[in-house]
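Q: So here's target.pdb (PDB, C-alpha atoms).
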```
ATOM      1  CA  MET A 224     -20.027   1.095 -18.823
ATOM      2  CA  VAL A 225     -19.546   2.870 -15.506
ATOM      3  CA  ARG A 226     -15.973   2.701 -14.233
ATOM      4  CA  LEU A 227     -15.572   2.309 -10.478
ATOM      5  CA  HIS A 228     -12.361   3.185  -8.676
ATOM      6  CA  VAL A 229     -12.628   0.937  -5.623
ATOM      7  CA  LYS A 230     -10.848   1.961  -2.430
ATOM      8  CA  HIS A 231     -10.577   0.449   1.034
ATOM      9  CA  GLY A 232      -9.811   3.159   3.557
ATOM     10  CA  GLU A 233      -7.521   5.597   1.763
ATOM     11  CA  GLU A 234      -5.796   2.960  -0.389
ATOM     12  CA  SER A 235      -6.740   2.284  -4.011
ATOM     13  CA  GLN A 236      -7.588  -1.376  -4.648
ATOM     14  CA  PHE A 237      -8.669  -1.857  -8.263
ATOM     15  CA  LEU A 238     -10.759  -0.553 -11.176
ATOM     16  CA  TYR A 239     -14.023  -2.257 -12.108
ATOM     17  CA  GLU A 240     -16.590  -1.721 -14.839
ATOM     18  CA  THR A 241     -20.321  -2.263 -14.473
ATOM     19  CA  THR A 242     -23.661  -0.815 -15.596
ATOM     20  CA  THR A 243     -25.852   1.778 -13.950
ATOM     21  CA  THR A 244     -28.753  -0.703 -13.774
ATOM     22  CA  ILE A 245     -26.983  -3.105 -11.416
ATOM     23  CA  GLN A 246     -28.426  -3.524  -7.942
ATOM     24  CA  ILE A 247     -26.164  -2.242  -5.173
ATOM     25  CA  ALA A 248     -26.301  -5.529  -3.232
ATOM     26  CA  THR A 249     -25.133  -7.484  -6.310
ATOM     27  CA  LEU A 250     -22.410  -4.953  -7.057
ATOM     28  CA  CYS A 251     -21.171  -5.048  -3.466
ATOM     29  CA  ASP A 252     -20.936  -8.865  -3.569
ATOM     30  CA  GLU A 253     -18.962  -8.748  -6.844
ATOM     31  CA  LEU A 254     -16.501  -6.190  -5.492
ATOM     32  CA  THR A 255     -16.135  -8.088  -2.197
ATOM     33  CA  LYS A 256     -15.190 -11.295  -4.061
ATOM     34  CA  ILE A 257     -12.476  -9.482  -5.992
ATOM     35  CA  TYR A 258     -11.217  -7.723  -2.851
ATOM     36  CA  ASN A 259     -11.056 -10.977  -0.864
ATOM     37  CA  GLY A 260      -9.528 -12.753  -3.859
ATOM     38  CA  ARG A 261      -6.680 -10.253  -3.950
ATOM     39  CA  LEU A 262      -6.032 -10.856  -0.258
ATOM     40  CA  LYS A 263      -5.989 -14.626  -0.867
ATOM     41  CA  VAL A 264      -3.425 -14.230  -3.656
ATOM     42  CA  ASP A 265      -1.227 -12.129  -1.348
ATOM     43  CA  ARG A 266      -1.426 -14.721   1.437
ATOM     44  CA  LEU A 267      -0.671 -17.553  -0.987
ATOM     45  CA  CYS A 268       2.329 -15.768  -2.485
ATOM     46  CA  SER A 269       3.757 -15.184   0.979
ATOM     47  CA  GLU A 270       3.415 -18.875   1.916
ATOM     48  CA  ILE A 271       4.632 -20.168  -1.464
ATOM     49  CA  GLU A 272       7.757 -18.014  -1.238
ATOM     50  CA  SER A 273       8.371 -19.523   2.200
ATOM     51  CA  LEU A 274       7.713 -22.985   0.728
ATOM     52  CA  ALA A 275      10.298 -22.349  -2.001
ATOM     53  CA  GLU A 276      12.858 -21.332   0.593
ATOM     54  CA  HIS A 277      12.345 -23.894   3.380
ATOM     55  CA  GLY A 278      10.050 -26.676   2.139
ATOM     56  CA  VAL A 279       6.717 -27.864   3.523
ATOM     57  CA  LEU A 280       5.286 -27.004   6.928
ATOM     58  CA  LEU A 281       6.210 -29.106   9.936
ATOM     59  CA  PRO A 282       3.412 -30.879  11.859
ATOM     60  CA  PRO A 283       1.865 -28.540  14.464
ATOM     61  CA  ASN A 284       3.389 -30.570  17.334
ATOM     62  CA  MET A 285       6.912 -30.125  15.911
ATOM     63  CA  GLN A 286       6.865 -26.433  15.044
ATOM     64  CA  GLY A 287       9.269 -24.295  17.051
ATOM     65  CA  LEU A 288      11.093 -27.260  18.608
ATOM     66  CA  THR A 289      14.838 -27.809  18.394
ATOM     67  CA  ASP A 290      16.302 -30.997  16.879
ATOM     68  CA  GLU A 291      17.169 -32.219  20.384
ATOM     69  CA  GLN A 292      13.596 -31.732  21.594
ATOM     70  CA  VAL A 293      12.197 -33.553  18.545
ATOM     71  CA  THR A 294      14.539 -36.476  19.196
ATOM     72  CA  GLU A 295      13.758 -36.527  22.897
ATOM     73  CA  LEU A 296      10.001 -36.532  22.279
ATOM     74  CA  LYS A 297      10.404 -39.099  19.459
ATOM     75  CA  LEU A 298       8.399 -37.049  17.017
ATOM     76  CA  LYS A 299       8.411 -37.821  13.297
ATOM     77  CA  ASP A 300       7.540 -35.732  10.250
ATOM     78  CA  GLU A 301       5.745 -38.376   8.175
ATOM     79  CA  TRP A 302       4.380 -35.954   5.590
ATOM     80  CA  GLY A 303       7.803 -34.392   5.212
ATOM     81  CA  GLU A 304       9.138 -37.757   4.031
ATOM     82  CA  LYS A 305       6.321 -38.061   1.485
ATOM     83  CA  CYS A 306       6.418 -34.492   0.181
ATOM     84  CA  ILE A 307       9.781 -34.421  -1.578
ATOM     85  CA  PRO A 308       9.829 -31.722  -4.292
ATOM     86  CA  SER A 309      10.359 -32.662  -7.948
ATOM     87  CA  GLY A 310      14.050 -32.946  -8.785
ATOM     88  CA  GLY A 311      15.000 -33.618  -5.180
ATOM     89  CA  ALA A 312      15.370 -31.457  -2.084
ATOM     90  CA  GLU A 313      18.151 -29.193  -0.909
ATOM     91  CA  PHE A 314      18.396 -28.641   2.824
ATOM     92  CA  ASN A 315      17.899 -25.042   3.973
ATOM     93  CA  LYS A 316      17.104 -24.834   7.658
ATOM     94  CA  ASP A 317      14.204 -22.667   8.793
ATOM     95  CA  ASP A 318      15.550 -20.647  11.727
ATOM     96  CA  ILE A 319      12.107 -20.117  13.217
ATOM     97  CA  GLY A 320      11.358 -23.847  13.091
ATOM     98  CA  ARG A 321       8.152 -23.573  11.080
ATOM     99  CA  ARG A 322       9.124 -25.550   7.954
ATOM    100  CA  ASN A 323      11.179 -28.751   7.585
ATOM    101  CA  GLY A 324      14.056 -27.232   5.583
ATOM    102  CA  LYS A 325      13.714 -29.617   2.594
ATOM    103  CA  ALA A 326      13.585 -26.879  -0.036
ATOM    104  CA  PRO A 327      13.136 -27.470  -3.794
ATOM    105  CA  ASN A 328      16.209 -27.323  -6.012
ATOM    106  CA  GLU A 329      17.156 -24.121  -7.813
ATOM    107  CA  LYS A 330      15.087 -24.854 -10.926
ATOM    108  CA  MET A 331      11.903 -25.677  -8.994
ATOM    109  CA  THR A 332      12.450 -22.727  -6.674
ATOM    110  CA  GLU A 333      12.577 -20.469  -9.718
ATOM    111  CA  VAL A 334       9.244 -21.903 -10.923
ATOM    112  CA  LEU A 335       7.589 -20.942  -7.625
ATOM    113  CA  THR A 336       9.180 -17.503  -7.230
ATOM    114  CA  LYS A 337       8.521 -16.462 -10.842
ATOM    115  CA  THR A 338       4.900 -17.553 -10.572
ATOM    116  CA  CYS A 339       4.465 -15.561  -7.363
ATOM    117  CA  LYS A 340       5.921 -12.490  -9.035
ATOM    118  CA  GLU A 341       3.529 -12.887 -11.971
ATOM    119  CA  ALA A 342       0.571 -13.416  -9.642
ATOM    120  CA  LYS A 343       1.350 -10.271  -7.644
ATOM    121  CA  ALA A 344       1.578  -8.255 -10.862
ATOM    122  CA  ASN A 345      -1.813  -9.591 -11.995
ATOM    123  CA  ILE A 346      -3.629  -8.177  -8.962
ATOM    124  CA  SER A 347      -1.316  -5.269  -8.117
ATOM    125  CA  LYS A 348      -2.683  -1.913  -6.951
ATOM    126  CA  LYS A 349      -0.452  -0.379  -9.627
ATOM    127  CA  LEU A 350      -3.068  -1.491 -12.161
ATOM    128  CA  VAL A 351      -5.086   1.526 -11.014
ATOM    129  CA  ASP A 352      -2.293   3.885 -12.089
ATOM    130  CA  ALA A 353      -2.083   2.000 -15.399
ATOM    131  CA  ASN A 354      -5.860   2.447 -15.855
ATOM    132  CA  THR A 355      -6.272  -1.357 -16.128
ATOM    133  CA  LEU A 356      -9.428  -3.136 -14.999
ATOM    134  CA  LEU A 357      -9.569  -6.129 -12.663
ATOM    135  CA  THR A 358     -12.273  -8.811 -12.803
ATOM    136  CA  GLU A 359     -13.219 -11.797 -10.677
ATOM    137  CA  GLN A 360     -12.173 -14.112 -13.520
ATOM    138  CA  GLN A 361      -8.683 -12.597 -13.540
ATOM    139  CA  VAL A 362      -8.365 -13.304  -9.823
ATOM    140  CA  LYS A 363      -9.500 -16.913 -10.374
ATOM    141  CA  ASP A 364      -7.014 -17.341 -13.228
ATOM    142  CA  THR A 365      -4.246 -16.029 -10.982
ATOM    143  CA  LEU A 366      -5.146 -18.580  -8.292
ATOM    144  CA  ASP A 367      -5.066 -21.323 -10.941
ATOM    145  CA  ILE A 368      -1.578 -20.218 -12.003
ATOM    146  CA  LEU A 369      -0.364 -20.510  -8.410
ATOM    147  CA  ARG A 370      -2.056 -23.895  -7.984
ATOM    148  CA  GLY A 371      -0.399 -25.149 -11.157
ATOM    149  CA  ALA A 372       3.075 -24.052 -10.034
ATOM    150  CA  VAL A 373       2.702 -25.792  -6.659
ATOM    151  CA  THR A 374       1.457 -28.964  -8.405
ATOM    152  CA  ILE A 375       4.509 -28.979 -10.689
ATOM    153  CA  VAL A 376       6.895 -28.841  -7.741
ATOM    154  CA  TYR A 377       4.818 -31.057  -5.402
ATOM    155  CA  PRO A 378       2.793 -33.421  -7.651
ATOM    156  CA  MET A 379       2.081 -35.682  -4.655
ATOM    157  CA  GLY A 380       0.254 -32.826  -2.901
ATOM    158  CA  LEU A 381       0.913 -30.974   0.337
ATOM    159  CA  PRO A 382       0.328 -31.972   3.974
ATOM    160  CA  PRO A 383      -3.243 -31.468   5.259
ATOM    161  CA  TYR A 384      -1.992 -28.865   7.771
ATOM    162  CA  GLU A 385      -0.215 -26.813   5.083
ATOM    163  CA  PRO A 386      -1.869 -23.345   4.820
ATOM    164  CA  ILE A 387      -1.274 -23.320   1.043
ATOM    165  CA  ARG A 388      -3.482 -26.381   0.687
ATOM    166  CA  ASP A 389      -6.125 -24.813   2.926
ATOM    167  CA  GLU A 390      -6.123 -21.666   0.778
ATOM    168  CA  PHE A 391      -6.613 -23.643  -2.424
ATOM    169  CA  GLU A 392      -9.428 -25.671  -0.856
ATOM    170  CA  ASN A 393     -11.005 -22.547   0.708
ATOM    171  CA  THR A 394     -10.764 -24.094   4.183
ATOM    172  CA  GLU A 395      -8.280 -21.593   5.605
ATOM    173  CA  ASP A 396      -8.656 -20.576   9.248
ATOM    174  CA  LEU A 397      -7.630 -16.942   9.642
ATOM    175  CA  SER A 398      -8.762 -16.515  13.240
ATOM    176  CA  GLY A 399      -6.202 -14.653  15.319
ATOM    177  CA  THR A 400      -4.306 -13.405  12.271
ATOM    178  CA  GLN A 401      -4.028 -10.055  10.534
ATOM    179  CA  GLY A 402      -5.852 -11.568   7.579
ATOM    180  CA  SER A 403      -9.012 -12.009   9.642
ATOM    181  CA  LEU A 404      -9.166  -8.238  10.153
ATOM    182  CA  GLN A 405      -8.825  -7.544   6.437
ATOM    183  CA  VAL A 406     -11.250 -10.071   4.929
ATOM    184  CA  ILE A 407     -14.849  -8.974   4.399
ATOM    185  CA  ALA A 408     -17.353 -11.791   4.983
ATOM    186  CA  ASP A 409     -19.799 -12.762   2.243
ATOM    187  CA  GLY A 410     -22.706 -10.366   2.432
ATOM    188  CA  GLY A 411     -20.871  -8.310   5.030
ATOM    189  CA  GLY A 412     -19.656  -5.528   2.754
ATOM    190  CA  ALA A 413     -20.979  -1.999   2.312
ATOM    191  CA  LEU A 414     -20.332   0.576  -0.399
ATOM    192  CA  TRP A 415     -19.879   4.264   0.309
ATOM    193  CA  TRP A 416     -19.942   7.110  -2.171
ATOM    194  CA  ALA A 417     -19.978  10.880  -1.650
ATOM    195  CA  GLY A 418     -20.055  10.433   2.123
ATOM    196  CA  LYS A 419     -23.139   8.193   2.234
ATOM    197  CA  GLU A 420     -23.747   4.459   2.281
ATOM    198  CA  LEU A 421     -25.340   2.966  -0.826
ATOM    199  CA  LEU A 422     -28.424   0.955   0.106
ATOM    200  CA  GLY A 423     -28.481  -2.628  -1.150
ATOM    201  CA  GLU A 424     -32.060  -2.582  -2.440
ATOM    202  CA  LYS A 425     -31.412   0.379  -4.730
ATOM    203  CA  LYS A 426     -29.667   0.476  -8.089
ATOM    204  CA  LEU A 427     -26.502   2.319  -8.979
ATOM    205  CA  LEU A 428     -28.393   4.740 -11.246
ATOM    206  CA  ASP A 429     -30.403   5.930  -8.224
ATOM    207  CA  TYR A 430     -27.205   7.571  -6.983
ATOM    208  CA  ILE A 431     -25.093   8.502  -9.995
ATOM    209  CA  GLY A 432     -27.712   8.796 -12.764
ATOM    210  CA  LYS A 433     -28.018   6.949 -16.074
ATOM    211  CA  ASN A 434     -24.830   8.169 -17.736
ATOM    212  CA  GLU A 435     -22.872   5.003 -18.593
ATOM    213  CA  LYS A 436     -19.643   6.950 -19.146
ATOM    214  CA  THR A 437     -19.373   8.014 -15.517
ATOM    215  CA  LYS A 438     -16.286   7.353 -13.402
ATOM    216  CA  VAL A 439     -16.773   7.356  -9.638
ATOM    217  CA  VAL A 440     -14.706   6.537  -6.570
ATOM    218  CA  VAL A 441     -16.404   4.139  -4.148
ATOM    219  CA  LYS A 442     -15.175   2.805  -0.831
ATOM    220  CA  LEU A 443     -15.666  -0.809   0.213
ATOM    221  CA  GLN A 444     -16.058  -1.267   3.968
ATOM    222  CA  LYS A 445     -17.264  -3.859   6.423
ATOM    223  CA  ARG A 446     -20.935  -3.335   7.136
ATOM    224  CA  GLY A 447     -21.485  -1.670  10.482
ATOM    225  CA  SER A 448     -17.969  -0.225  10.679
ATOM    226  CA  GLY A 449     -19.288   3.287  10.112
ATOM    227  CA  ALA A 450     -18.435   5.854   7.489
ATOM    228  CA  PRO A 451     -14.911   5.731   6.088
ATOM    229  CA  ALA A 452     -12.636   8.562   7.145
ATOM    230  CA  ARG A 453     -12.489  11.510   4.798
ATOM    231  CA  GLU A 454      -9.330  11.651   2.760
ATOM    232  CA  PRO A 455      -6.992  14.607   3.331
ATOM    233  CA  VAL A 456      -7.097  17.360   0.717
ATOM    234  CA  VAL A 457      -3.334  17.028   0.290
ATOM    235  CA  ASN A 458      -1.852  13.553   0.045
ATOM    236  CA  GLU A 459       1.509  12.530   1.511
ATOM    237  CA  GLU A 460       3.431  13.021  -1.719
ATOM    238  CA  GLN A 461       2.011  16.513  -2.249
ATOM    239  CA  LYS A 462       2.746  17.345   1.383
ATOM    240  CA  LYS A 463       6.391  16.307   0.911
ATOM    241  CA  GLN A 464       6.686  18.445  -2.206
ATOM    242  CA  MET A 465       5.210  21.470  -0.427
ATOM    243  CA  MET A 466       7.599  21.069   2.507
ATOM    244  CA  LEU A 467      10.534  20.675   0.126
ATOM    245  CA  HIS A 468       9.528  23.844  -1.742
ATOM    246  CA  ALA A 469       9.183  25.792   1.516
ATOM    247  CA  TYR A 470      12.611  24.600   2.690
ATOM    248  CA  ARG A 471      14.261  25.557  -0.600
ATOM    249  CA  ARG A 472      12.596  28.991  -0.488
ATOM    250  CA  GLN A 473      13.821  29.520   3.064
ATOM    251  CA  GLU A 474      17.395  28.616   2.091
ATOM    252  CA  GLU A 475      17.254  30.993  -0.882
ATOM    253  CA  LEU A 476      16.141  33.856   1.369
ATOM    254  CA  LYS A 477      18.980  33.105   3.812
ATOM    255  CA  LYS A 478      21.501  33.296   0.985
ATOM    256  CA  LEU A 479      20.032  36.610  -0.232
ATOM    257  CA  ASP A 480      20.282  38.050   3.301
ATOM    258  CA  GLU A 481      23.920  37.002   3.529
ATOM    259  CA  MET A 482      24.768  38.410   0.106
ATOM    260  CA  GLU A 483      22.934  41.728   0.554
ATOM    261  CA  ASP A 484      25.237  44.710   1.292
ATOM    262  CA  ASN A 485      23.381  47.474   3.170
ATOM    263  CA  SER A 486      26.397  49.703   3.853
ATOM    264  CA  HIS A 487      25.159  52.283   1.300
ATOM    265  CA  LEU A 488      22.284  53.097   3.647
ATOM    266  CA  ASP A 489      24.761  54.931   5.917
ATOM    267  CA  SER A 490      25.637  57.392   3.111
ATOM    268  CA  ARG A 491      24.412  61.010   3.268
ATOM    269  CA  TRP A 492      22.575  60.757  -0.037
ATOM    270  CA  ALA A 493      20.562  57.809   1.278
ATOM    271  CA  ASP A 494      19.236  59.832   4.219
ATOM    272  CA  ASN A 495      15.659  60.860   3.328
ATOM    273  CA  LYS A 496      15.697  63.453   6.199
ATOM    274  CA  HIS A 497      18.881  65.205   5.015
ATOM    275  CA  LEU A 498      17.140  67.880   2.855
ATOM    276  CA  GLN A 499      14.667  68.666   5.630
ATOM    277  CA  ARG A 500      17.434  69.242   8.172
ATOM    278  CA  GLN A 501      19.338  71.402   5.669
ATOM    279  CA  PHE A 502      16.333  73.756   5.225
ATOM    280  CA  GLN A 503      15.847  73.941   8.969
ATOM    281  CA  GLY A 504      19.498  74.739   9.558
ATOM    282  CA  LEU A 505      20.063  71.599  11.503
ATOM    283  CA  ASP A 506      22.534  70.041   9.095
ATOM    284  CA  HIS A 507      25.794  70.915  10.833
ATOM    285  CA  ILE A 508      25.394  71.100  14.594
ATOM    286  CA  ASN A 509      28.456  70.963  16.808
ATOM    287  CA  TRP A 510      27.762  69.151  20.061
ATOM    288  CA  ARG A 511      31.384  69.430  21.072
ATOM    289  CA  PRO A 512      34.434  70.975  19.443
ATOM    290  CA  GLY A 513      35.560  69.101  16.359
ATOM    291  CA  LYS A 514      32.391  66.959  16.177
ATOM    292  CA  LYS A 515      29.886  67.688  13.410
ATOM    293  CA  LEU A 516      26.652  66.011  12.604
TER     294      LEU A 516
END
```
So, in terms of structure tokens, how does the structure I just supplied come out?
A:
Amino acid sequence: MVRLHVKHGEESQFLYETTTTIQIATLCDELTKIYNGRLKVDRLCSEIESLAEHGVLLPPNMQGLTDEQVTELKLKDEWGEKCIPSGGAEFNKDDIGRRNGKAPNEKMTEVLTKTCKEAKANISKKLVDANTLLTEQQVKDTLDILRGAVTIVYPMGLPPYEPIRDEFENTEDLSGTQGSLQVIADGGGALWWAGKELLGEKKLLDYIGKNEKTKVVVKLQKRGSGAPAREPVVNEEQKKQMMLHAYRRQEELKKLDEMEDNSHLDSRWADNKHLQRQFQGLDHINWRPGKKL
């Protein structure tokens, strides 16, 4: 099996195994699903952690309003009254006014936070350093774990405007968010290797040969975004080490200069012209009485 080290820009994303006979278009779709799946898990974990801290989302017409404004406008959070977490709620006000403040109790909060931590570990970029593969099924299993944790805490379900629910139902609207810039649309991905784009109608072996034990680094980009930038020869960590070494060397040289005693160079025996002047009779010349050179 060919092992692919998938990157987006300069950042490592995950390791994936495939065969040399796979068509590039199929491979690109498989990698795009995993890449987008990782982004979905990250977005879900962020929202679930917020859910564990401050409860469900307020209705759109109540978000950002103060208690006085809500009372004045006679607005009511009907879904907030229905969506009471298992074991009861503990009030924890959301300072930005996005969630209703009816947070789960300590035990249920721990269920959500622990699950998020596990989910992040399952799709972490550190898997690349650990030489561990990532598959589409693993991403799906991770999403199921998150869905199960939310169902345990909120068996009645979440409000229809809750982004967590939208993510699980694949109806999320990312327009105007950072997520919309990161996600690669279905069929909108392109693979780059060795400075050239891999054409969808060709097979992987057309580029890397038939050796199934090959390991290559490919870059996943949005189609039409142009060639990815070339990576620097020296990465940031290596650059820091080089600068640290240069600084230490400079300090060592300063100390040597301070410790070095050059007074012996003023001695007669250290004068490499002394013998020459002695033969020429220029060794002891009086320029004025009592002054010898």
Q: List the neighbours of A:Ala413 out to 7 Å using all atoms listed in the file; skip same-chain residues closer than 2 positions along the sequence, and give me the result as a list in words.
A: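 My reading of the contact set: Cys251, Gly411, Trp415, Leu443, Gln444, Lys445 and Arg446 of chain A.
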Q: With distances taken over all atoms listed in the file, which residue among A:Leu397, A:Asp317, A:Asp480, A:Gln361 lies nearest A:Ala344?
A: A:Gln361
Q: Let me make sure I understand: among A:Lys425, A:Arg471, A:Lys477, A:Lys436, which one has the smallest atom-to-atom distance to A:Ile245 if we use all atoms listed in the file?
A: A:Lys425
Q: For atom CA of A:Ile247 and atom CA of A:Ser403, determine how far apart the two atoms are, in Å to one decimal place.
A: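 Atom CA of A:Ser403 lies 24.7 Å from atom CA of A:Ile247.
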Q: From the set A:Asp300, A:Glu395, A:Glu435, A:Asp265, which residue has the shortest atom-to-atom contact distance to A:Asn345, counting only C-alpha atoms?
A: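 Of the candidates, the smallest distance to A:Asn345 is held by A:Asp265.
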